[in-house]
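Trainee: What follows is the file upload06.cif, containing mmCIF, N, CA and C atoms:
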```cif
data_final
#
loop_
_atom_site.label_atom_id
_atom_site.label_comp_id
_atom_site.auth_asym_id
_atom_site.auth_seq_id
_atom_site.Cartn_x
_atom_site.Cartn_y
_atom_site.Cartn_z
N MET A 1 -37.65 35.50 -14.02
CA MET A 1 -37.30 36.88 -13.92
C MET A 1 -36.25 37.27 -14.98
N ARG A 2 -35.32 36.36 -15.24
CA ARG A 2 -34.28 36.64 -16.24
C ARG A 2 -34.92 36.98 -17.58
N ASP A 3 -35.98 36.26 -17.97
CA ASP A 3 -36.67 36.53 -19.23
C ASP A 3 -37.25 37.94 -19.24
N ARG A 4 -37.84 38.34 -18.13
CA ARG A 4 -38.43 39.68 -18.03
C ARG A 4 -37.35 40.75 -18.15
N LEU A 5 -36.21 40.55 -17.54
CA LEU A 5 -35.12 41.51 -17.65
C LEU A 5 -34.59 41.58 -19.08
N ASP A 6 -34.52 40.43 -19.73
CA ASP A 6 -34.07 40.40 -21.12
C ASP A 6 -35.02 41.20 -22.01
N GLU A 7 -36.33 41.13 -21.71
CA GLU A 7 -37.32 41.89 -22.48
C GLU A 7 -37.09 43.39 -22.35
N LEU A 8 -36.58 43.84 -21.21
CA LEU A 8 -36.31 45.26 -21.01
C LEU A 8 -35.15 45.73 -21.87
N GLY A 9 -34.33 44.79 -22.29
CA GLY A 9 -33.17 45.16 -23.09
C GLY A 9 -32.11 45.86 -22.27
N CYS A 10 -32.09 45.59 -20.98
CA CYS A 10 -31.11 46.27 -20.13
C CYS A 10 -29.99 45.30 -19.77
N ASP A 11 -28.90 45.86 -19.32
CA ASP A 11 -27.74 45.06 -18.98
C ASP A 11 -27.69 44.75 -17.48
N THR A 12 -28.83 44.55 -16.90
CA THR A 12 -28.92 44.25 -15.48
C THR A 12 -28.27 42.92 -15.17
N VAL A 13 -27.54 42.87 -14.08
CA VAL A 13 -26.89 41.64 -13.64
C VAL A 13 -27.66 41.14 -12.42
N VAL A 14 -28.09 39.90 -12.47
CA VAL A 14 -28.78 39.28 -11.34
C VAL A 14 -27.78 38.38 -10.63
N VAL A 15 -27.68 38.56 -9.32
CA VAL A 15 -26.76 37.76 -8.52
C VAL A 15 -27.51 37.27 -7.29
N LEU A 16 -27.38 36.01 -7.00
CA LEU A 16 -27.93 35.44 -5.78
C LEU A 16 -26.78 35.31 -4.79
N VAL A 17 -27.00 35.79 -3.57
CA VAL A 17 -26.00 35.65 -2.52
C VAL A 17 -26.56 34.70 -1.49
N THR A 18 -25.80 33.67 -1.17
CA THR A 18 -26.21 32.67 -0.19
C THR A 18 -25.12 32.53 0.86
N PHE A 19 -25.50 32.00 2.01
CA PHE A 19 -24.47 31.76 3.04
C PHE A 19 -24.02 30.31 3.04
N ALA A 20 -24.39 29.57 2.00
CA ALA A 20 -23.97 28.17 1.88
C ALA A 20 -22.45 28.09 1.76
N GLU A 21 -21.91 27.00 2.25
CA GLU A 21 -20.47 26.77 2.10
C GLU A 21 -20.15 26.60 0.62
N PRO A 22 -19.00 27.11 0.18
CA PRO A 22 -18.65 27.04 -1.25
C PRO A 22 -18.75 25.64 -1.86
N GLY A 23 -18.41 24.61 -1.10
CA GLY A 23 -18.47 23.25 -1.62
C GLY A 23 -19.88 22.76 -1.93
N LYS A 24 -20.89 23.45 -1.43
CA LYS A 24 -22.29 23.05 -1.65
C LYS A 24 -22.94 23.81 -2.81
N LEU A 25 -22.26 24.77 -3.37
CA LEU A 25 -22.87 25.62 -4.40
C LEU A 25 -23.20 24.86 -5.68
N GLY A 26 -22.32 23.97 -6.12
CA GLY A 26 -22.57 23.24 -7.36
C GLY A 26 -23.87 22.47 -7.32
N ALA A 27 -24.09 21.71 -6.26
CA ALA A 27 -25.32 20.93 -6.13
C ALA A 27 -26.54 21.85 -6.02
N TYR A 28 -26.37 22.97 -5.32
CA TYR A 28 -27.47 23.92 -5.15
C TYR A 28 -27.88 24.53 -6.48
N THR A 29 -26.92 25.00 -7.25
CA THR A 29 -27.25 25.62 -8.54
C THR A 29 -27.79 24.60 -9.53
N ASP A 30 -27.26 23.38 -9.49
CA ASP A 30 -27.77 22.32 -10.38
C ASP A 30 -29.21 21.97 -10.03
N ARG A 31 -29.49 21.78 -8.75
CA ARG A 31 -30.83 21.38 -8.30
C ARG A 31 -31.86 22.46 -8.63
N ASN A 32 -31.48 23.73 -8.50
CA ASN A 32 -32.43 24.82 -8.71
C ASN A 32 -32.37 25.43 -10.11
N ARG A 33 -31.46 24.93 -10.94
CA ARG A 33 -31.34 25.39 -12.34
C ARG A 33 -31.31 26.91 -12.43
N LEU A 34 -30.41 27.52 -11.71
CA LEU A 34 -30.34 28.97 -11.62
C LEU A 34 -29.66 29.56 -12.85
N PRO A 35 -30.31 30.54 -13.50
CA PRO A 35 -29.76 31.12 -14.72
C PRO A 35 -28.89 32.35 -14.47
N PHE A 36 -28.40 32.53 -13.25
CA PHE A 36 -27.59 33.70 -12.94
C PHE A 36 -26.49 33.33 -11.96
N ALA A 37 -25.61 34.29 -11.73
CA ALA A 37 -24.46 34.05 -10.86
C ALA A 37 -24.90 33.82 -9.42
N VAL A 38 -24.16 32.96 -8.73
CA VAL A 38 -24.41 32.69 -7.32
C VAL A 38 -23.10 32.91 -6.57
N LEU A 39 -23.17 33.78 -5.57
CA LEU A 39 -22.02 34.06 -4.72
C LEU A 39 -22.29 33.52 -3.33
N THR A 40 -21.23 33.17 -2.62
CA THR A 40 -21.42 32.65 -1.28
C THR A 40 -20.78 33.58 -0.25
N ASP A 41 -21.47 33.70 0.88
CA ASP A 41 -21.03 34.56 1.98
C ASP A 41 -21.23 33.80 3.29
N PRO A 42 -20.39 32.76 3.53
CA PRO A 42 -20.58 31.94 4.73
C PRO A 42 -20.48 32.73 6.03
N SER A 43 -19.74 33.83 6.03
CA SER A 43 -19.62 34.64 7.25
C SER A 43 -20.83 35.55 7.45
N ARG A 44 -21.67 35.67 6.42
CA ARG A 44 -22.90 36.47 6.43
C ARG A 44 -22.65 37.97 6.62
N ASP A 45 -21.50 38.43 6.20
CA ASP A 45 -21.20 39.86 6.29
C ASP A 45 -22.21 40.69 5.49
N SER A 46 -22.55 40.23 4.28
CA SER A 46 -23.50 40.98 3.47
C SER A 46 -24.90 40.96 4.09
N TYR A 47 -25.26 39.85 4.73
CA TYR A 47 -26.57 39.77 5.40
C TYR A 47 -26.65 40.81 6.52
N ARG A 48 -25.58 40.91 7.29
CA ARG A 48 -25.55 41.91 8.37
C ARG A 48 -25.53 43.32 7.80
N ALA A 49 -24.74 43.54 6.75
CA ALA A 49 -24.64 44.87 6.15
C ALA A 49 -25.99 45.37 5.64
N TYR A 50 -26.80 44.48 5.10
CA TYR A 50 -28.11 44.86 4.59
C TYR A 50 -29.21 44.75 5.65
N GLY A 51 -28.85 44.32 6.84
CA GLY A 51 -29.82 44.30 7.93
C GLY A 51 -30.78 43.12 7.93
N PHE A 52 -30.35 41.99 7.36
CA PHE A 52 -31.19 40.80 7.38
C PHE A 52 -31.05 40.11 8.72
N GLY A 53 -32.15 39.99 9.41
CA GLY A 53 -32.13 39.39 10.74
C GLY A 53 -32.41 37.91 10.71
N ARG A 54 -32.93 37.44 11.81
CA ARG A 54 -33.26 36.02 11.95
C ARG A 54 -34.75 35.90 12.24
N GLY A 55 -35.36 34.89 11.68
CA GLY A 55 -36.78 34.65 11.91
C GLY A 55 -36.99 33.83 13.16
N SER A 56 -38.17 33.90 13.68
CA SER A 56 -38.52 33.09 14.85
C SER A 56 -38.84 31.67 14.39
N ILE A 57 -38.71 30.73 15.28
CA ILE A 57 -39.05 29.33 14.96
C ILE A 57 -40.51 29.24 14.54
N ALA A 58 -41.38 29.96 15.25
CA ALA A 58 -42.82 29.92 14.93
C ALA A 58 -43.08 30.45 13.52
N ARG A 59 -42.38 31.50 13.10
CA ARG A 59 -42.62 32.09 11.78
C ARG A 59 -42.03 31.20 10.68
N VAL A 60 -40.85 30.67 10.92
CA VAL A 60 -40.18 29.88 9.89
C VAL A 60 -40.75 28.47 9.80
N TRP A 61 -41.06 27.85 10.92
CA TRP A 61 -41.52 26.47 10.92
C TRP A 61 -42.97 26.33 11.38
N GLY A 62 -43.75 27.38 11.29
CA GLY A 62 -45.14 27.37 11.74
C GLY A 62 -46.10 26.83 10.69
N TRP A 63 -47.32 27.31 10.77
CA TRP A 63 -48.41 26.83 9.93
C TRP A 63 -48.12 27.00 8.44
N ARG A 64 -47.52 28.12 8.03
CA ARG A 64 -47.25 28.33 6.60
C ARG A 64 -46.34 27.24 6.04
N ALA A 65 -45.31 26.91 6.79
CA ALA A 65 -44.39 25.86 6.34
C ALA A 65 -45.09 24.51 6.30
N ALA A 66 -45.87 24.21 7.33
CA ALA A 66 -46.60 22.93 7.37
C ALA A 66 -47.55 22.83 6.18
N ARG A 67 -48.25 23.91 5.88
CA ARG A 67 -49.18 23.91 4.75
C ARG A 67 -48.44 23.68 3.44
N ARG A 68 -47.28 24.31 3.28
CA ARG A 68 -46.49 24.13 2.05
C ARG A 68 -46.04 22.68 1.91
N TYR A 69 -45.56 22.08 2.98
CA TYR A 69 -45.15 20.68 2.92
C TYR A 69 -46.33 19.76 2.64
N LEU A 70 -47.48 20.03 3.21
CA LEU A 70 -48.68 19.23 2.94
C LEU A 70 -49.05 19.31 1.46
N HIS A 71 -48.94 20.50 0.86
CA HIS A 71 -49.22 20.64 -0.58
C HIS A 71 -48.24 19.82 -1.41
N LEU A 72 -46.97 19.84 -1.04
CA LEU A 72 -45.98 19.05 -1.77
C LEU A 72 -46.27 17.56 -1.68
N VAL A 73 -46.62 17.10 -0.50
CA VAL A 73 -46.95 15.69 -0.32
C VAL A 73 -48.19 15.33 -1.13
N ALA A 74 -49.22 16.18 -1.06
CA ALA A 74 -50.46 15.93 -1.80
C ALA A 74 -50.24 15.91 -3.30
N ALA A 75 -49.28 16.70 -3.78
CA ALA A 75 -48.97 16.76 -5.21
C ALA A 75 -48.01 15.65 -5.64
N GLY A 76 -47.64 14.77 -4.70
CA GLY A 76 -46.73 13.69 -5.03
C GLY A 76 -45.28 14.11 -5.15
N GLN A 77 -44.96 15.29 -4.64
CA GLN A 77 -43.59 15.79 -4.74
C GLN A 77 -42.81 15.56 -3.46
N TRP A 78 -43.24 14.66 -2.62
CA TRP A 78 -42.56 14.41 -1.35
C TRP A 78 -41.14 13.89 -1.55
N ARG A 79 -40.89 13.28 -2.70
CA ARG A 79 -39.54 12.77 -2.96
C ARG A 79 -38.53 13.91 -3.11
N ASP A 80 -39.03 15.11 -3.46
CA ASP A 80 -38.15 16.26 -3.63
C ASP A 80 -37.76 16.91 -2.30
N LEU A 81 -38.42 16.51 -1.22
CA LEU A 81 -38.14 17.12 0.08
C LEU A 81 -36.81 16.63 0.63
N ARG A 82 -36.05 17.56 1.19
CA ARG A 82 -34.76 17.23 1.79
C ARG A 82 -34.70 17.87 3.17
N ALA A 83 -34.01 17.23 4.06
CA ALA A 83 -33.79 17.83 5.38
C ALA A 83 -32.92 19.06 5.20
N PRO A 84 -33.22 20.14 5.92
CA PRO A 84 -32.40 21.34 5.77
C PRO A 84 -30.96 21.08 6.19
N SER A 85 -30.05 21.67 5.44
CA SER A 85 -28.63 21.53 5.78
C SER A 85 -28.01 22.89 6.12
N GLU A 86 -28.81 23.93 6.09
CA GLU A 86 -28.33 25.28 6.39
C GLU A 86 -29.17 25.86 7.52
N ASP A 87 -28.85 27.05 7.93
CA ASP A 87 -29.56 27.76 8.99
C ASP A 87 -30.92 28.22 8.46
N THR A 88 -31.98 27.57 8.86
CA THR A 88 -33.30 27.89 8.35
C THR A 88 -33.90 29.16 8.95
N LEU A 89 -33.29 29.70 9.99
CA LEU A 89 -33.82 30.91 10.61
C LEU A 89 -33.23 32.20 10.03
N GLN A 90 -32.19 32.07 9.21
CA GLN A 90 -31.59 33.26 8.59
C GLN A 90 -32.56 33.84 7.57
N LEU A 91 -32.91 35.10 7.74
CA LEU A 91 -33.81 35.77 6.81
C LEU A 91 -33.00 36.40 5.68
N GLY A 92 -33.65 36.57 4.56
CA GLY A 92 -33.01 37.18 3.40
C GLY A 92 -33.89 38.26 2.83
N GLY A 93 -33.63 38.60 1.62
CA GLY A 93 -34.40 39.63 0.95
C GLY A 93 -33.92 39.83 -0.46
N ASP A 94 -34.35 40.92 -1.04
CA ASP A 94 -34.02 41.23 -2.42
C ASP A 94 -33.59 42.69 -2.50
N MET A 95 -32.49 42.94 -3.16
CA MET A 95 -31.94 44.28 -3.29
C MET A 95 -31.74 44.62 -4.75
N VAL A 96 -31.95 45.88 -5.09
CA VAL A 96 -31.58 46.40 -6.40
C VAL A 96 -30.53 47.47 -6.14
N VAL A 97 -29.35 47.23 -6.68
CA VAL A 97 -28.24 48.16 -6.51
C VAL A 97 -28.06 48.89 -7.84
N ALA A 98 -28.05 50.22 -7.76
CA ALA A 98 -27.90 51.04 -8.96
C ALA A 98 -26.48 50.94 -9.51
N ALA A 99 -26.30 51.40 -10.73
CA ALA A 99 -24.99 51.33 -11.39
C ALA A 99 -23.91 52.06 -10.60
N ASP A 100 -24.29 53.08 -9.82
CA ASP A 100 -23.29 53.81 -9.05
C ASP A 100 -22.99 53.15 -7.70
N GLY A 101 -23.58 51.97 -7.46
CA GLY A 101 -23.30 51.22 -6.24
C GLY A 101 -24.21 51.53 -5.06
N THR A 102 -25.15 52.43 -5.23
CA THR A 102 -26.06 52.76 -4.13
C THR A 102 -27.26 51.81 -4.14
N LEU A 103 -27.81 51.62 -2.95
CA LEU A 103 -29.00 50.78 -2.83
C LEU A 103 -30.19 51.54 -3.38
N ALA A 104 -30.77 51.06 -4.47
CA ALA A 104 -31.89 51.73 -5.11
C ALA A 104 -33.23 51.24 -4.58
N TRP A 105 -33.28 50.00 -4.10
CA TRP A 105 -34.54 49.42 -3.63
C TRP A 105 -34.22 48.20 -2.80
N GLY A 106 -35.02 47.95 -1.77
CA GLY A 106 -34.79 46.77 -0.95
C GLY A 106 -36.07 46.17 -0.43
N PHE A 107 -36.03 44.88 -0.22
CA PHE A 107 -37.14 44.13 0.36
C PHE A 107 -36.55 43.21 1.41
N TRP A 108 -36.97 43.37 2.66
CA TRP A 108 -36.48 42.56 3.77
C TRP A 108 -37.56 41.55 4.13
N GLY A 109 -37.30 40.26 3.85
CA GLY A 109 -38.28 39.22 4.10
C GLY A 109 -38.50 38.97 5.59
N GLU A 110 -39.72 38.63 5.93
CA GLU A 110 -40.08 38.30 7.31
C GLU A 110 -40.11 36.80 7.56
N GLY A 111 -39.93 36.01 6.51
CA GLY A 111 -39.93 34.56 6.61
C GLY A 111 -39.47 33.97 5.30
N PRO A 112 -39.31 32.66 5.24
CA PRO A 112 -38.78 32.02 4.02
C PRO A 112 -39.72 32.13 2.83
N ASP A 113 -40.98 32.37 3.08
CA ASP A 113 -41.95 32.46 1.98
C ASP A 113 -42.32 33.91 1.66
N ASP A 114 -41.66 34.86 2.26
CA ASP A 114 -41.96 36.27 2.07
C ASP A 114 -41.04 36.84 1.01
N ARG A 115 -41.54 36.97 -0.20
CA ARG A 115 -40.75 37.44 -1.34
C ARG A 115 -41.53 38.50 -2.09
N PRO A 116 -40.84 39.44 -2.71
CA PRO A 116 -41.54 40.41 -3.55
C PRO A 116 -41.97 39.74 -4.85
N SER A 117 -42.92 40.34 -5.51
CA SER A 117 -43.34 39.80 -6.80
C SER A 117 -42.30 40.14 -7.86
N VAL A 118 -42.30 39.39 -8.93
CA VAL A 118 -41.39 39.67 -10.05
C VAL A 118 -41.72 41.06 -10.60
N ASP A 119 -43.00 41.43 -10.65
CA ASP A 119 -43.38 42.75 -11.13
C ASP A 119 -42.75 43.85 -10.28
N ASP A 120 -42.74 43.67 -8.96
CA ASP A 120 -42.14 44.67 -8.07
C ASP A 120 -40.64 44.78 -8.33
N LEU A 121 -39.98 43.63 -8.51
CA LEU A 121 -38.54 43.63 -8.78
C LEU A 121 -38.22 44.32 -10.12
N ILE A 122 -38.99 44.00 -11.14
CA ILE A 122 -38.78 44.60 -12.45
C ILE A 122 -39.00 46.11 -12.38
N ALA A 123 -40.03 46.55 -11.67
CA ALA A 123 -40.29 47.99 -11.52
C ALA A 123 -39.13 48.67 -10.80
N ALA A 124 -38.56 48.01 -9.80
CA ALA A 124 -37.42 48.58 -9.08
C ALA A 124 -36.20 48.69 -9.98
N VAL A 125 -35.99 47.69 -10.82
CA VAL A 125 -34.86 47.72 -11.76
C VAL A 125 -35.06 48.86 -12.75
N GLU A 126 -36.28 48.98 -13.29
CA GLU A 126 -36.55 50.06 -14.24
C GLU A 126 -36.32 51.43 -13.61
N LYS A 127 -36.76 51.59 -12.38
CA LYS A 127 -36.60 52.87 -11.69
C LYS A 127 -35.13 53.18 -11.41
N ALA A 128 -34.34 52.15 -11.12
CA ALA A 128 -32.92 52.34 -10.81
C ALA A 128 -32.08 52.66 -12.03
N ARG A 129 -32.61 52.39 -13.22
CA ARG A 129 -31.84 52.62 -14.46
C ARG A 129 -31.64 54.04 -14.75
#
```
The structure given in the file should be rewritten as structure tokens.

Mentor:
Amino acid sequence: MRDRLDELGCDTVVVLVTFAEPGKLGAYTDRNRLPFAVLTDPSRDSYRAYGFGRGSIARVWGWRAARRYLHLVAAGQWRDLRAPSEDTLQLGGDMVVAADGTLAWGFWGEGPDDRPSVDDLIAAVEKAR
């Protein structure tokens, strides 16, 4: 996504907000090779402010998750699997905040695999400019 934003020639800032404890951020950013800023909100105030709820066990750990893990195992990537160390039921989403601080666009995920497309995010950024 960072490459796509760079192509727009805009000064958009991408920030990931996580509820991970600050001491875990270094390993998280290293493991995921994140090209943008990562902020932590262990109290989840921002999650509540944006209305991110909690997923059900069936939605988070149901058939979709099992299928994803089976694909990883079949692809020989089982060594990359780690036991969760955070709250797996906390839902997240994606927000585009305009330069004046108002929420220009939002996506509230219904599960860990529910994400908007990069095209949708780029269109929201363009519209917010």

Trainee: How close does range 76-125 of chain A get to range 43-50 of chain A? List, as a tab-separated table, each residue of range 76-125 of chain A within 8 Å, its nearest atom pair and the distance in Å to one decimal, counting all atoms listed in the file.

Mentor:
```
residue	atom	partner	partner_atom	distance
A:Leu91	C	A:Tyr47	CA	7.3
A:Gly92	CA	A:Tyr47	CA	7.2
A:Trp108	CA	A:Tyr50	C	7.8
```

Trainee: Can you translate the PyMOL selection byres (((chain A and resi 93-107 and name CA) around 7) and name CA) into the concrete residues it hits in this file, as an MDAnalysis selection string?

Mentor: chainID A and resid 92 108:109 116 124:125 128:129

Trainee: A:Leu8, A:Ala65, A:Val38, A:Val13: which is nearest Leu25 in chain A, counting all atoms listed in the file?

Mentor: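 For Leu25 in chain A, the nearest of the candidates is A:Val38.
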
Trainee: Which of chain A counts as strand (DSSP E) under DSSP, as number ranges by chain please?

Mentor: A: 15-18, 37-40, 93-97, 103-108

Trainee: Enumerate, as a ChimeraX atom specification, the complete set of residues in chain A that a backbone-based DSSP assignment places in alpha helix (DSSP H).

Mentor: /A:2-8,25-32,45-49,57-61,63-74,118-128

Trainee: Which residues, written as a PDB file with N, CA and C atoms, in the coordinates of the input, have at least one atom at most 8 Å from Pro22 in chain A, with all atoms listed in the file counted and residues fewer than 4 positions away on the same chain left out?

Mentor:
```pdb
ATOM      1  N   GLY A  26     -22.320  23.970  -6.120  1.00  0.00           N
ATOM      2  CA  GLY A  26     -22.570  23.240  -7.360  1.00  0.00           C
ATOM      3  C   GLY A  26     -23.870  22.470  -7.320  1.00  0.00           C
ATOM      4  N   ALA A  27     -24.090  21.710  -6.260  1.00  0.00           N
ATOM      5  CA  ALA A  27     -25.320  20.930  -6.130  1.00  0.00           C
ATOM      6  C   ALA A  27     -26.540  21.850  -6.020  1.00  0.00           C
ATOM      7  N   LEU A  39     -23.170  33.780  -5.570  1.00  0.00           N
ATOM      8  CA  LEU A  39     -22.020  34.060  -4.720  1.00  0.00           C
ATOM      9  C   LEU A  39     -22.290  33.520  -3.330  1.00  0.00           C
ATOM     10  N   THR A  40     -21.230  33.170  -2.620  1.00  0.00           N
ATOM     11  CA  THR A  40     -21.420  32.650  -1.280  1.00  0.00           C
ATOM     12  C   THR A  40     -20.780  33.580  -0.250  1.00  0.00           C
ATOM     13  N   ASP A  41     -21.470  33.700   0.880  1.00  0.00           N
ATOM     14  CA  ASP A  41     -21.030  34.560   1.980  1.00  0.00           C
ATOM     15  C   ASP A  41     -21.230  33.800   3.290  1.00  0.00           C
ATOM     16  N   PRO A  42     -20.390  32.760   3.530  1.00  0.00           N
ATOM     17  CA  PRO A  42     -20.580  31.940   4.730  1.00  0.00           C
ATOM     18  C   PRO A  42     -20.480  32.730   6.030  1.00  0.00           C
TER      19      PRO A  42
END
```

Trainee: Can you work out the spacing between CA of Asp87 in chain A and CA of Arg54 in chain A in Å, to one decimal?

Mentor: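 These atoms are spaced 9.5 Å apart.
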
Trainee: Expand the PyMOL selection byres (((chain A and resi 118 and name CA) around 12) and name CA) into the explicit residue set it covers here, and present it as an MDAnalysis selection string.

Mentor: chainID A and resid 1:5 94 115:117 119:125

Trainee: With distances taken over only C-alpha atoms, which residue among A:Gln90, A:Gly76, A:Lys127, A:Asp6 lies nearest Thr18 in chain A?

Mentor: A:Gln90

Trainee: What lies within 12 Å of Gly55 in chain A using only C-alpha atoms, ignoring chain neighbours under 2 positions off, as a PDB file with N, CA and C atoms, in the frame of the given file?

Mentor:
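And here is the file that came out, part_21.pdb:
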```pdb
ATOM      1  N   PHE A  52     -30.350  41.990   7.360  1.00  0.00           N
ATOM      2  CA  PHE A  52     -31.190  40.800   7.380  1.00  0.00           C
ATOM      3  C   PHE A  52     -31.050  40.110   8.720  1.00  0.00           C
ATOM      4  N   GLY A  53     -32.150  39.990   9.410  1.00  0.00           N
ATOM      5  CA  GLY A  53     -32.130  39.390  10.740  1.00  0.00           C
ATOM      6  C   GLY A  53     -32.410  37.910  10.710  1.00  0.00           C
ATOM      7  N   ILE A  57     -38.710  30.730  15.280  1.00  0.00           N
ATOM      8  CA  ILE A  57     -39.050  29.330  14.960  1.00  0.00           C
ATOM      9  C   ILE A  57     -40.510  29.240  14.540  1.00  0.00           C
ATOM     10  N   ALA A  58     -41.380  29.960  15.250  1.00  0.00           N
ATOM     11  CA  ALA A  58     -42.820  29.920  14.930  1.00  0.00           C
ATOM     12  C   ALA A  58     -43.080  30.450  13.520  1.00  0.00           C
ATOM     13  N   ARG A  59     -42.380  31.500  13.100  1.00  0.00           N
ATOM     14  CA  ARG A  59     -42.620  32.090  11.780  1.00  0.00           C
ATOM     15  C   ARG A  59     -42.030  31.200  10.680  1.00  0.00           C
ATOM     16  N   VAL A  60     -40.850  30.670  10.920  1.00  0.00           N
ATOM     17  CA  VAL A  60     -40.180  29.880   9.890  1.00  0.00           C
ATOM     18  C   VAL A  60     -40.750  28.470   9.800  1.00  0.00           C
ATOM     19  N   TRP A  61     -41.060  27.850  10.920  1.00  0.00           N
ATOM     20  CA  TRP A  61     -41.520  26.470  10.920  1.00  0.00           C
ATOM     21  C   TRP A  61     -42.970  26.330  11.380  1.00  0.00           C
ATOM     22  N   GLY A  62     -43.750  27.380  11.290  1.00  0.00           N
ATOM     23  CA  GLY A  62     -45.140  27.370  11.740  1.00  0.00           C
ATOM     24  C   GLY A  62     -46.100  26.830  10.690  1.00  0.00           C
ATOM     25  N   ASP A  87     -28.850  27.050   7.930  1.00  0.00           N
ATOM     26  CA  ASP A  87     -29.560  27.760   8.990  1.00  0.00           C
ATOM     27  C   ASP A  87     -30.920  28.220   8.460  1.00  0.00           C
ATOM     28  N   THR A  88     -31.980  27.570   8.860  1.00  0.00           N
ATOM     29  CA  THR A  88     -33.300  27.890   8.350  1.00  0.00           C
ATOM     30  C   THR A  88     -33.900  29.160   8.950  1.00  0.00           C
ATOM     31  N   LEU A  89     -33.290  29.700   9.990  1.00  0.00           N
ATOM     32  CA  LEU A  89     -33.820  30.910  10.610  1.00  0.00           C
ATOM     33  C   LEU A  89     -33.230  32.200  10.030  1.00  0.00           C
ATOM     34  N   GLN A  90     -32.190  32.070   9.210  1.00  0.00           N
ATOM     35  CA  GLN A  90     -31.590  33.260   8.590  1.00  0.00           C
ATOM     36  C   GLN A  90     -32.560  33.840   7.570  1.00  0.00           C
ATOM     37  N   LEU A  91     -32.910  35.100   7.740  1.00  0.00           N
ATOM     38  CA  LEU A  91     -33.810  35.770   6.810  1.00  0.00           C
ATOM     39  C   LEU A  91     -33.000  36.400   5.680  1.00  0.00           C
ATOM     40  N   GLY A  92     -33.650  36.570   4.560  1.00  0.00           N
ATOM     41  CA  GLY A  92     -33.010  37.180   3.400  1.00  0.00           C
ATOM     42  C   GLY A  92     -33.890  38.260   2.830  1.00  0.00           C
ATOM     43  N   TRP A 108     -36.970  43.370   2.660  1.00  0.00           N
ATOM     44  CA  TRP A 108     -36.480  42.560   3.770  1.00  0.00           C
ATOM     45  C   TRP A 108     -37.560  41.550   4.130  1.00  0.00           C
ATOM     46  N   GLY A 109     -37.300  40.260   3.850  1.00  0.00           N
ATOM     47  CA  GLY A 109     -38.280  39.220   4.100  1.00  0.00           C
ATOM     48  C   GLY A 109     -38.500  38.970   5.590  1.00  0.00           C
ATOM     49  N   GLU A 110     -39.720  38.630   5.930  1.00  0.00           N
ATOM     50  CA  GLU A 110     -40.080  38.300   7.310  1.00  0.00           C
ATOM     51  C   GLU A 110     -40.110  36.800   7.560  1.00  0.00           C
ATOM     52  N   GLY A 111     -39.930  36.010   6.510  1.00  0.00           N
ATOM     53  CA  GLY A 111     -39.930  34.560   6.610  1.00  0.00           C
ATOM     54  C   GLY A 111     -39.470  33.970   5.300  1.00  0.00           C
ATOM     55  N   PRO A 112     -39.310  32.660   5.240  1.00  0.00           N
ATOM     56  CA  PRO A 112     -38.780  32.020   4.020  1.00  0.00           C
ATOM     57  C   PRO A 112     -39.720  32.130   2.830  1.00  0.00           C
ATOM     58  N   ASP A 113     -40.980  32.370   3.080  1.00  0.00           N
ATOM     59  CA  ASP A 113     -41.950  32.460   1.980  1.00  0.00           C
ATOM     60  C   ASP A 113     -42.320  33.910   1.660  1.00  0.00           C
ATOM     61  N   ASP A 114     -41.660  34.860   2.260  1.00  0.00           N
ATOM     62  CA  ASP A 114     -41.960  36.270   2.070  1.00  0.00           C
ATOM     63  C   ASP A 114     -41.040  36.840   1.010  1.00  0.00           C
TER      64      ASP A 114
END
```

Trainee: Can you report as AutoDock Vina command-line options the centre and edge lengths in Å, to one decimal, of an axis-aligned box around the listed atoms of range 29-43 of chain A padded with 4 Å on each side?

Mentor:
```
--center_x -26.0 --center_y 28.5 --center_z -3.6 --size_x 20.8 --size_y 22.2 --size_z 30.2
```

Trainee: Could you tell me which of A:Phe36, A:Tyr69, A:Trp63, A:Trp78 comes closest to Val14 in chain A if we count only N, CA and C atoms?

Mentor: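 Ranking A:Phe36, A:Tyr69, A:Trp63, A:Trp78 by distance to Val14 in chain A, first place goes to A:Phe36.
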
Trainee: Give me, please, the distance in Å between CA of Glu7 in chain A and CA of Ala37 in chain A, quoted to one decimal.

Mentor: 19.0 Å

Trainee: Any idea what the distance is between atom C of Arg79 in chain A and CA of Gly23 in chain A?

Mentor: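 Pair atom C of Arg79 in chain A / CA of Gly23 in chain A returns 22.2 Å.
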
Trainee: How would range 72-76 of chain A read, as a compact mmCIF listing (two decimals), in the coordinates of the input, once N, CA, C and O atoms are built in?

Mentor:
```txt
# COMPACT_ATOMS: atom_id res chain seq x y z
N LEU A 72 -46.97 19.84 -1.04
CA LEU A 72 -45.98 19.05 -1.77
C LEU A 72 -46.27 17.56 -1.68
O LEU A 72 -46.18 16.84 -2.68
N VAL A 73 -46.62 17.10 -0.50
CA VAL A 73 -46.95 15.69 -0.32
C VAL A 73 -48.19 15.33 -1.13
O VAL A 73 -48.22 14.32 -1.83
N ALA A 74 -49.22 16.18 -1.06
CA ALA A 74 -50.46 15.93 -1.80
C ALA A 74 -50.24 15.91 -3.30
O ALA A 74 -50.90 15.17 -4.03
N ALA A 75 -49.28 16.70 -3.78
CA ALA A 75 -48.97 16.76 -5.21
C ALA A 75 -48.01 15.65 -5.64
O ALA A 75 -47.61 15.60 -6.79
N GLY A 76 -47.64 14.77 -4.70
CA GLY A 76 -46.73 13.69 -5.03
C GLY A 76 -45.28 14.11 -5.15
O GLY A 76 -44.47 13.39 -5.70
```
